[in-house]
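J.: Below is the file input31.cif, with mmCIF, C-alpha atoms.
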```
data_entry
loop_
_atom_site.label_atom_id
_atom_site.label_comp_id
_atom_site.auth_asym_id
_atom_site.auth_seq_id
_atom_site.Cartn_x
_atom_site.Cartn_y
_atom_site.Cartn_z
CA MET A 1 116.06 1.83 60.86
CA SER A 2 117.14 5.34 61.82
CA LEU A 3 117.02 6.58 65.37
CA PRO A 4 114.73 9.49 66.23
CA ASP A 5 116.42 12.85 66.36
CA ILE A 6 115.54 14.27 69.75
CA PRO A 7 116.39 17.97 70.05
CA ASN A 8 118.63 18.93 72.92
CA SER A 9 116.22 21.28 74.66
CA THR A 10 116.61 22.70 78.14
CA PRO A 11 113.18 23.82 79.32
CA HIS A 12 113.21 26.87 81.54
CA SER A 13 110.09 27.78 83.38
CA ALA A 14 109.51 30.58 85.82
CA LEU A 15 106.45 28.80 87.21
CA THR A 16 106.47 27.25 90.65
CA ARG A 17 105.18 23.74 91.26
CA GLN A 18 102.04 25.10 92.91
CA GLU A 19 101.37 27.41 89.95
CA VAL A 20 101.71 24.50 87.57
CA ILE A 21 99.21 22.45 89.59
CA ASN A 22 96.80 25.39 89.63
CA MET A 23 97.15 25.71 85.86
CA LEU A 24 96.44 22.02 85.46
CA ILE A 25 93.28 22.33 87.54
CA SER A 26 92.26 25.46 85.60
CA SER A 27 92.77 23.62 82.34
CA ILE A 28 90.48 20.85 83.58
CA ALA A 29 87.88 23.48 84.48
CA LEU A 30 88.15 25.03 81.01
CA GLU A 31 87.88 21.65 79.32
CA GLU A 32 84.78 20.94 81.40
CA THR A 33 83.33 24.26 80.27
CA SER A 34 84.03 23.33 76.66
CA LEU A 35 82.18 20.06 77.15
CA SER A 36 79.26 21.98 78.63
CA ARG A 37 79.15 24.11 75.46
CA LEU A 38 79.08 20.98 73.33
CA ILE A 39 76.17 19.61 75.38
CA ASN A 40 74.38 22.95 74.98
CA ALA A 41 74.94 22.83 71.23
CA GLU A 42 73.40 19.36 71.07
CA SER A 43 70.42 20.58 73.05
CA ASP A 44 70.01 23.55 70.65
CA LYS A 45 70.24 21.17 67.70
CA ILE A 46 67.35 19.05 68.97
CA GLN A 47 65.26 22.11 69.83
CA TYR A 48 65.77 23.46 66.31
CA VAL A 49 64.63 20.17 64.82
CA LEU A 50 61.60 20.03 67.12
CA LYS A 51 60.52 23.46 65.90
CA MET A 52 60.69 22.45 62.23
CA SER A 53 57.25 21.88 60.80
CA ASP A 54 57.95 19.66 57.77
CA ILE A 55 60.42 17.08 58.86
CA ARG A 56 60.58 13.41 58.01
CA ILE A 57 60.86 10.67 60.63
CA ASP A 58 64.12 9.50 59.05
CA ASP A 59 65.62 12.95 59.59
CA ILE A 60 64.57 12.97 63.25
CA LEU A 61 66.12 9.55 63.72
CA GLN A 62 69.34 10.71 62.07
CA VAL A 63 69.54 13.76 64.32
CA ASN A 64 68.98 11.57 67.37
CA ARG A 65 71.72 9.20 66.28
CA SER A 66 74.10 12.11 65.80
CA VAL A 67 73.27 13.50 69.27
CA GLU A 68 73.82 10.09 70.80
CA ARG A 69 77.22 9.72 69.09
CA MET A 70 78.25 13.15 70.35
CA LEU A 71 77.11 12.32 73.88
CA ARG A 72 79.22 9.16 73.80
CA SER A 73 82.27 11.18 72.78
CA ILE A 74 81.58 13.66 75.57
CA ILE A 75 81.31 10.78 78.07
CA LYS A 76 84.70 9.42 76.95
CA ASN A 77 86.24 12.86 77.32
CA GLN A 78 84.63 13.36 80.70
CA MET A 79 86.15 10.11 81.94
CA LEU A 80 89.63 11.19 80.84
CA LEU A 81 89.04 14.53 82.50
CA GLN A 82 88.24 12.83 85.77
CA PHE A 83 91.47 10.80 85.61
CA LYS A 84 93.35 14.05 84.97
CA LEU A 85 91.63 15.73 87.92
CA GLU A 86 92.42 12.83 90.24
CA ASP A 87 96.09 12.95 89.20
CA ALA A 88 96.24 16.74 89.63
CA LEU A 89 94.72 16.44 93.10
CA GLU A 90 97.27 13.76 94.01
CA LEU A 91 100.02 16.16 92.94
CA GLN A 92 98.43 18.90 94.99
CA LYS A 93 98.38 16.69 98.08
CA SER A 94 101.97 15.53 97.65
CA SER A 95 103.20 19.11 97.22
CA CYS A 96 102.16 20.03 100.77
CA HIS A 97 105.42 20.78 102.64
CA CYS A 98 104.03 22.01 105.90
CA GLU A 99 106.10 21.80 109.04
CA GLU A 100 103.17 21.10 111.32
CA ASP A 101 100.20 18.90 110.59
CA CYS A 102 97.97 20.95 108.37
CA GLU A 103 94.37 20.23 107.48
CA HIS A 104 95.35 18.49 104.19
CA CYS A 105 97.74 16.12 105.90
CA GLN A 106 95.12 15.21 108.48
CA HIS A 107 92.70 14.31 105.69
CA GLU A 108 95.24 11.97 104.16
CA GLU A 109 95.54 9.91 107.32
CA MET B 110 104.33 31.37 57.85
CA LYS B 111 103.63 34.75 56.34
CA ASN B 112 104.18 37.75 58.57
CA SER B 113 100.60 38.98 58.26
CA SER B 114 99.07 35.67 59.34
CA LYS B 115 101.60 35.45 62.16
CA THR B 116 100.53 38.90 63.37
CA SER B 117 96.87 37.96 63.19
CA LEU B 118 97.48 34.79 65.21
CA LEU B 119 99.42 36.79 67.79
CA SER B 120 96.68 39.40 68.05
CA ARG B 121 94.09 36.62 68.53
CA TYR B 122 96.28 35.17 71.25
CA ASP B 123 96.60 38.61 72.92
CA LYS B 124 92.83 39.04 72.71
CA LEU B 125 92.31 35.71 74.40
CA ARG B 126 94.83 36.56 77.10
CA SER B 127 93.27 39.94 77.79
CA GLY B 128 89.77 38.47 77.91
CA ASN B 129 88.43 40.71 75.14
CA SER B 130 87.03 37.78 73.29
CA THR B 131 83.99 35.60 73.84
CA ALA B 132 86.24 32.56 73.53
CA LEU B 133 87.33 30.67 76.62
CA PRO B 134 90.20 32.26 78.54
CA LEU B 135 93.56 30.51 78.58
CA PRO B 136 94.63 29.03 81.91
CA SER B 137 97.17 31.02 83.88
CA PRO B 138 98.72 30.34 87.31
CA ASN B 139 96.60 33.04 88.93
CA HIS B 140 93.45 32.25 87.08
CA ALA B 141 90.36 32.45 89.26
CA TYR B 142 88.35 30.14 87.04
CA THR B 143 87.31 27.43 89.44
CA LEU B 144 86.21 23.88 88.86
CA HIS B 145 83.00 24.73 90.69
CA GLN B 146 82.10 27.28 88.01
CA SER B 147 82.81 24.85 85.22
CA VAL B 148 80.82 22.10 86.92
CA ALA B 149 77.91 24.54 87.32
CA ALA B 150 78.13 25.28 83.59
CA ALA B 151 78.18 21.57 82.74
CA ILE B 152 75.22 20.86 85.03
CA SER B 153 73.29 23.73 83.52
CA ALA B 154 73.97 22.38 80.01
CA LEU B 155 72.89 18.92 81.11
CA SER B 156 69.66 20.39 82.50
CA SER B 157 69.01 22.00 79.15
CA LEU B 158 69.58 18.65 77.41
CA ILE B 159 67.29 16.89 79.87
CA GLN B 160 64.57 19.50 79.29
CA THR B 161 64.97 19.03 75.53
CA GLN B 162 64.57 15.29 75.92
CA LYS B 163 61.45 15.91 77.94
CA LYS B 164 60.08 18.02 75.05
CA GLN B 165 60.91 15.15 72.69
CA PHE B 166 58.94 12.70 74.80
CA ASP B 167 56.04 15.19 74.97
CA ALA B 168 56.14 15.49 71.17
CA LEU B 169 56.24 11.70 70.85
CA ARG B 170 53.11 11.43 72.96
CA GLN B 171 51.36 13.72 70.47
CA LEU B 172 52.38 11.33 67.70
CA LEU B 173 50.96 8.45 69.66
CA PRO B 174 48.13 7.21 67.62
CA SER B 175 44.71 6.49 68.82
CA GLN B 176 43.58 2.91 69.27
CA GLN B 177 43.23 2.47 65.52
CA LEU B 178 46.88 3.19 64.91
CA ALA B 179 47.87 -0.29 65.92
CA ALA B 180 46.18 -1.52 62.78
CA ARG B 181 48.29 0.69 60.53
CA ASP B 182 51.61 -1.09 60.44
CA ALA B 183 53.80 1.51 58.77
CA GLU B 184 52.87 4.28 61.18
CA THR B 185 53.22 1.99 64.16
CA ASP B 186 56.68 0.92 63.01
CA SER B 187 57.75 4.56 62.63
CA PHE B 188 56.41 5.33 66.06
CA PHE B 189 58.33 2.44 67.60
CA CYS B 190 61.49 3.52 65.75
CA CYS B 191 61.21 7.03 67.20
CA TYR B 192 60.50 5.68 70.66
CA HIS B 193 63.46 3.33 70.46
CA SER B 194 65.73 6.13 69.27
CA LEU B 195 64.64 8.42 72.10
CA LEU B 196 65.26 5.70 74.65
CA ASN B 197 68.76 5.19 73.23
CA SER B 198 69.46 8.89 73.71
CA ALA B 199 68.09 8.64 77.24
CA ALA B 200 70.50 5.78 77.94
CA SER B 201 73.44 7.92 76.76
CA LEU B 202 72.20 10.78 78.89
CA HIS B 203 72.08 8.39 81.83
CA LEU B 204 75.74 7.47 81.29
CA LEU B 205 76.70 11.12 81.04
CA LEU B 206 74.82 11.92 84.25
CA SER B 207 76.57 9.08 86.02
CA GLN B 208 79.96 10.36 84.83
CA GLN B 209 79.12 13.91 85.87
CA PHE B 210 78.06 12.76 89.34
CA SER B 211 81.30 10.88 89.72
CA PHE B 212 83.21 14.05 88.72
CA ILE B 213 81.26 16.13 91.26
CA ARG B 214 81.94 13.56 93.98
CA THR B 215 85.69 13.74 93.29
CA ILE B 216 85.59 17.52 93.58
CA LEU B 217 83.62 17.36 96.83
CA GLU B 218 85.96 14.81 98.36
CA HIS B 219 88.84 17.23 97.78
CA HIS B 220 86.81 20.31 98.58
CA SER B 221 89.25 21.73 101.12
CA VAL B 222 92.34 21.15 98.94
CA LEU B 223 90.67 22.82 96.00
CA SER B 224 89.27 25.75 97.93
CA ASP B 225 92.79 26.60 99.14
CA ALA B 226 94.01 26.93 95.57
CA PHE B 227 90.81 28.50 94.26
CA PRO B 228 88.80 30.12 97.06
CA LEU B 229 85.07 29.86 96.45
CA SER B 230 83.16 33.08 96.20
CA PRO B 231 79.42 33.41 96.99
CA PRO B 232 78.51 33.75 93.27
CA ASP B 233 80.33 30.46 92.53
CA TRP B 234 78.51 28.83 95.38
CA ASN B 235 75.11 30.18 94.42
CA GLY B 236 75.69 29.27 90.77
CA LEU B 237 76.41 25.65 91.67
CA GLN B 238 73.41 25.46 94.01
CA ALA B 239 71.10 26.95 91.39
CA ALA B 240 72.42 24.61 88.69
CA LEU B 241 71.89 21.53 90.89
CA SER B 242 68.39 22.63 91.80
CA GLU B 243 67.58 23.23 88.13
CA MET B 244 68.87 19.77 87.21
CA GLU B 245 66.78 18.16 89.93
CA ALA B 246 63.63 19.73 88.51
CA ALA B 247 64.62 18.78 84.95
CA MET B 248 65.28 15.13 85.87
CA LEU B 249 61.95 14.81 87.65
CA SER B 250 60.00 16.31 84.79
CA LEU B 251 61.78 14.03 82.28
CA ALA B 252 60.96 10.97 84.42
CA GLU B 253 57.36 12.15 84.64
CA SER B 254 57.12 12.61 80.87
CA MET B 255 58.77 9.24 80.14
CA LEU B 256 56.38 7.44 82.46
CA ALA B 257 53.35 9.22 81.01
CA THR B 258 54.52 8.23 77.51
CA LEU B 259 55.01 4.63 78.58
CA ALA B 260 51.56 4.49 80.22
CA ASN B 261 49.98 5.83 77.01
CA VAL B 262 51.93 3.40 74.84
CA LEU B 263 50.96 0.42 76.99
CA ARG B 264 47.35 1.54 76.93
CA ALA B 265 47.34 2.05 73.15
CA PHE B 266 48.96 -1.28 72.39
CA ASN B 267 47.41 -3.33 75.15
CA ASN B 268 45.51 -5.51 72.70
CA GLU B 269 48.46 -5.80 70.39
CA GLN B 270 49.13 -8.93 68.37
CA TYR B 271 51.76 -11.32 69.66
CA SER B 272 54.19 -10.33 66.88
CA ARG B 273 54.83 -6.92 68.38
CA LEU B 274 54.92 -7.95 72.03
CA PRO B 275 58.68 -8.60 72.23
CA LYS B 276 59.41 -5.12 70.89
CA LEU B 277 56.88 -3.58 73.25
CA SER B 278 58.26 -5.40 76.28
CA HIS B 279 61.82 -4.44 75.33
CA LEU B 280 60.86 -0.76 75.05
CA THR B 281 58.93 -0.93 78.32
CA ALA B 282 61.96 -2.39 80.10
CA ALA B 283 64.30 0.24 78.61
CA SER B 284 61.91 3.02 79.54
CA LEU B 285 61.52 1.82 83.12
CA GLN B 286 65.27 1.41 83.46
CA SER B 287 65.83 5.01 82.34
CA CYS B 288 63.19 6.33 84.76
CA GLU B 289 64.70 4.34 87.56
CA GLY B 290 68.10 5.84 86.77
CA LEU B 291 66.69 9.36 86.74
CA LEU B 292 64.94 8.87 90.07
CA TYR B 293 68.09 7.31 91.49
CA PHE B 294 70.13 10.39 90.55
CA THR B 295 67.42 12.70 91.89
CA ALA B 296 67.47 10.76 95.16
CA GLU B 297 71.25 11.09 95.29
CA LEU B 298 71.27 14.86 94.77
CA PRO B 299 70.41 15.79 98.38
CA LEU B 300 73.32 13.58 99.49
CA VAL B 301 75.69 15.39 97.15
CA THR B 302 74.45 18.84 98.09
CA GLY B 303 74.40 17.87 101.78
CA LYS B 304 78.19 17.69 101.49
CA LEU B 305 78.27 21.10 99.92
CA HIS B 306 76.07 23.03 102.24
CA SER B 307 75.53 22.86 105.97
CA SER B 308 72.16 24.53 105.74
CA SER B 309 68.99 22.47 105.50
CA GLU B 310 67.44 25.09 103.22
CA TYR B 311 68.23 23.07 100.13
CA PHE B 312 66.00 20.26 101.28
CA SER B 313 62.90 22.36 101.22
CA TRP B 314 61.76 21.24 97.84
CA ALA B 315 60.20 23.42 95.24
CA ASP B 316 56.46 22.73 94.93
CA SER B 317 56.89 21.98 91.24
CA ASN B 318 59.40 19.21 92.08
CA ARG B 319 57.05 17.67 94.59
CA ALA B 320 54.21 17.76 92.03
CA SER B 321 56.48 16.14 89.40
CA LEU B 322 57.28 13.24 91.70
CA GLN B 323 53.63 12.79 92.59
CA ASN B 324 52.74 12.69 88.90
CA ALA B 325 55.53 10.19 88.30
CA SER B 326 54.28 7.97 91.13
CA ALA B 327 50.75 8.14 89.71
CA ALA B 328 52.05 7.13 86.27
CA ILE B 329 53.93 4.16 87.77
CA ILE B 330 50.75 3.03 89.52
CA GLN B 331 48.97 3.22 86.16
CA ILE B 332 51.71 1.25 84.45
CA GLU B 333 51.74 -1.69 86.83
CA PRO B 334 48.37 -3.27 85.86
CA LEU B 335 49.09 -2.60 82.18
CA ALA B 336 52.44 -4.34 82.46
CA VAL B 337 50.77 -7.25 84.26
CA SER B 338 48.18 -7.62 81.51
CA LEU B 339 50.95 -7.51 78.92
CA TRP B 340 52.68 -10.30 80.78
CA LEU B 341 49.49 -12.38 80.93
CA GLN B 342 49.08 -12.11 77.17
CA ASN B 343 52.57 -13.30 76.66
CA LEU B 344 53.11 -17.00 76.05
CA SER B 345 56.86 -17.19 75.63
CA PRO B 346 58.70 -18.44 78.80
CA SER B 347 61.72 -16.23 78.12
CA LEU B 348 59.50 -13.19 77.78
CA GLN B 349 57.63 -14.19 80.92
CA LEU B 350 60.95 -14.09 82.73
CA HIS B 351 61.68 -10.72 81.19
CA HIS B 352 58.32 -9.40 82.34
CA ARG B 353 58.86 -10.64 85.88
CA LYS B 354 62.09 -8.68 85.90
CA LEU B 355 60.24 -5.73 84.49
CA LEU B 356 57.61 -5.85 87.22
CA ARG B 357 60.32 -6.07 89.85
CA ARG B 358 61.77 -2.93 88.31
CA VAL B 359 58.42 -1.15 88.59
CA LYS B 360 58.24 -2.08 92.26
CA ARG B 361 61.82 -0.96 92.83
CA LEU B 362 61.06 2.32 91.10
CA ILE B 363 58.16 2.89 93.48
CA SER B 364 60.41 2.13 96.46
CA VAL B 365 63.11 4.53 95.17
CA ALA B 366 60.48 7.24 94.87
CA ALA B 367 59.21 6.48 98.38
CA ALA B 368 62.76 6.54 99.79
CA TYR B 369 63.33 9.86 98.10
CA LYS B 370 60.23 11.31 99.71
CA ALA B 371 61.26 9.92 103.09
CA SER B 372 64.80 11.28 102.80
CA GLU B 373 63.43 14.69 101.93
CA LEU B 374 61.12 14.69 104.95
CA ASN B 375 63.84 13.44 107.32
CA SER B 376 66.52 15.81 106.04
CA SER B 377 64.47 18.90 106.65
CA ALA B 378 63.73 17.80 110.22
CA ALA B 379 67.03 16.22 111.30
CA PRO B 380 69.84 18.35 112.71
CA LEU B 381 73.04 18.44 110.68
CA ALA B 382 74.98 16.02 112.89
CA GLN B 383 72.37 13.30 112.33
CA LYS B 384 72.68 13.39 108.57
CA PRO B 385 74.47 10.15 107.75
CA TRP B 386 76.17 11.42 104.61
CA LEU B 387 78.11 13.98 106.64
CA ASN B 388 79.30 11.60 109.35
CA GLY B 389 82.85 10.33 109.05
CA SER B 390 83.52 12.55 106.09
CA ALA B 391 86.54 14.82 105.79
CA LEU B 392 84.10 17.47 104.72
CA ASN B 393 82.51 17.38 108.14
CA LYS B 394 85.53 19.06 109.74
CA GLN B 395 84.33 22.62 109.31
CA THR B 396 85.60 22.64 105.76
CA ILE B 397 82.17 23.18 104.29
CA PHE B 398 81.88 26.54 102.64
CA ASP B 399 79.95 29.01 104.74
CA PRO B 400 78.97 32.16 102.85
CA GLN B 401 78.29 33.99 106.13
CA LYS B 402 81.95 33.81 107.11
CA LEU B 403 82.95 35.98 104.18
#
```
In structure tokens, write the structure found in this file.
T.:
Amino acid sequence: MSLPDIPNSTPHSALTRQEVINMLISSIALEETSLSRLINAESDKIQYVLKMSDIRIDDILQVNRSVERMLRSIIKNQMLLQFKLEDALELQKSSCHCEEDCEHCQHEE
Amino acid sequence: MKNSSKTSLLSRYDKLRSGNSTALPLPSPNHAYTLHQSVAAAISALSSLIQTQKKQFDALRQLLPSQQLAARDAETDSFFCCYHSLLNSAASLHLLLSQQFSFIRTILEHHSVLSDAFPLSPPDWNGLQAALSEMEAAMLSLAESMLATLANVLRAFNNEQYSRLPKLSHLTAASLQSCEGLLYFTAELPLVTGKLHSSSEYFSWADSNRASLQNASAAIIQIEPLAVSLWLQNLSPSLQLHHRKLLRRVKRLISVAAAYKASELNSSAAPLAQKPWLNGSALNKQTIFDPQKL
């Protein structure tokens, strides 16, 4: 069995730790927004079906099943997003290097 | 990769970076896009989904046959299939709501940490408030519609043959469970928003919300005797047990609704310091956003 060939990369980043944490939190916010668009799309889908005049019961049931499947996927994603947020907030707390007791440190006690 | 496609990808990327596109912006260290905005968007989308579900239940009630329908098996089966499917969607919605509430609670617990990195502006604040208020109204109207549907179903199939009773009792239980969940979340909203806002303004309920809850309570009162008569018809011991559970759920639902009313009345009267959800919280230490300070 051959060993994996890991490239010898030296990552250089001009970002500070705080900027990275902010980007992480922003990415969570954007992902949340994406989820909200998916939920909106599902809502639009149902409304479109409700407006249709000649639709069979089987079709309605199929649409409902599809919405339910999508909602389940969104729930899974939302859970992962919460874990990510909790980790990002932990990082944020641990990056506080204040000399005196700041408000954040007091909250941690 | 061909040069032309590479250029087009790069131009798309530049467009995204410069915000000239309708697509979502890319995160950057100085990005002002806050979690509060995204949560408001998610809540707003959820409200839209809840309202759509309410329309589905309203449409289902129109399909609800008259008394004679029970005799026509095929139509009754289709109706039950639709009802079952809608209740499944409501259960998924319930899970999603629960997850969203948990997400909001995490954000609120770290409100001060987050607002240092991303200061809240009044539009963010107002957006979140408006979204929560909209969701509250949507949840109440969905609960009202679900209970009205259930009351109609129980009335229509009250003299149903034994063969369909298990299905009917299962759907009744699922329906009541969903309503209970919705009312539970609605009751929890003032506690969540109490952490957000020091003003008691939020607790002055919209008249439409108050009317929705009253309608829901009336529907529950209608359901109780119907559920009891369903239970009396039922001969199976296991189903009897199920129906006892179901009746307990009806009673609990009434108590949740009563507690909600009481909390609303108390919150508007009590001074801020007496609100239990603010006591002992990190958020109580003047970290609550105050738009007047800006």
J.: Check which residues satisfy the PyMOL selection byres ((chain A) within 6 of (chain B)) in the file shown, then give them as a compact mmCIF listing (two decimals) with C-alpha atoms, in the coordinates of the input.
T.:
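Dumped to out-v1.txt:
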```txt
# COMPACT_ATOMS: atom_id res chain seq x y z
CA GLU A 19 101.37 27.41 89.95
CA ASN A 22 96.80 25.39 89.63
CA MET A 23 97.15 25.71 85.86
CA SER A 26 92.26 25.46 85.60
CA SER A 27 92.77 23.62 82.34
CA ALA A 29 87.88 23.48 84.48
CA GLU A 32 84.78 20.94 81.40
CA THR A 33 83.33 24.26 80.27
CA SER A 36 79.26 21.98 78.63
CA ILE A 39 76.17 19.61 75.38
CA ASN A 40 74.38 22.95 74.98
CA SER A 43 70.42 20.58 73.05
CA GLU A 68 73.82 10.09 70.80
CA ILE A 75 81.31 10.78 78.07
CA GLN A 82 88.24 12.83 85.77
```
J.: Rounded to one decimal place, report the atom CA of A:His12-atom CA of A:Ser34 distance in Å.
T.: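 These two atoms are separated by 29.8 Å.
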J.: Would you mind reading off the distance between atom CA of A:Leu71 and atom CA of B:Asn261, one decimal, in Å?
T.: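 Taking atom CA of A:Leu71 as the start and atom CA of B:Asn261 as the end point, the length is 28.1 Å.
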J.: Would you compute the distance between atom CA of A:Arg69 and atom CA of B:Ala257? Give it in Å to one decimal.
T.: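 Value for the atom CA of A:Arg69-atom CA of B:Ala257 distance: 26.7 Å.
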J.: Between B:Lys163, B:Ser242, B:Ala265, B:Ala296, which has the minimum distance to A:Gln47 (counting all atoms listed in the file)?
T.: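 Closest candidate: B:Lys163.
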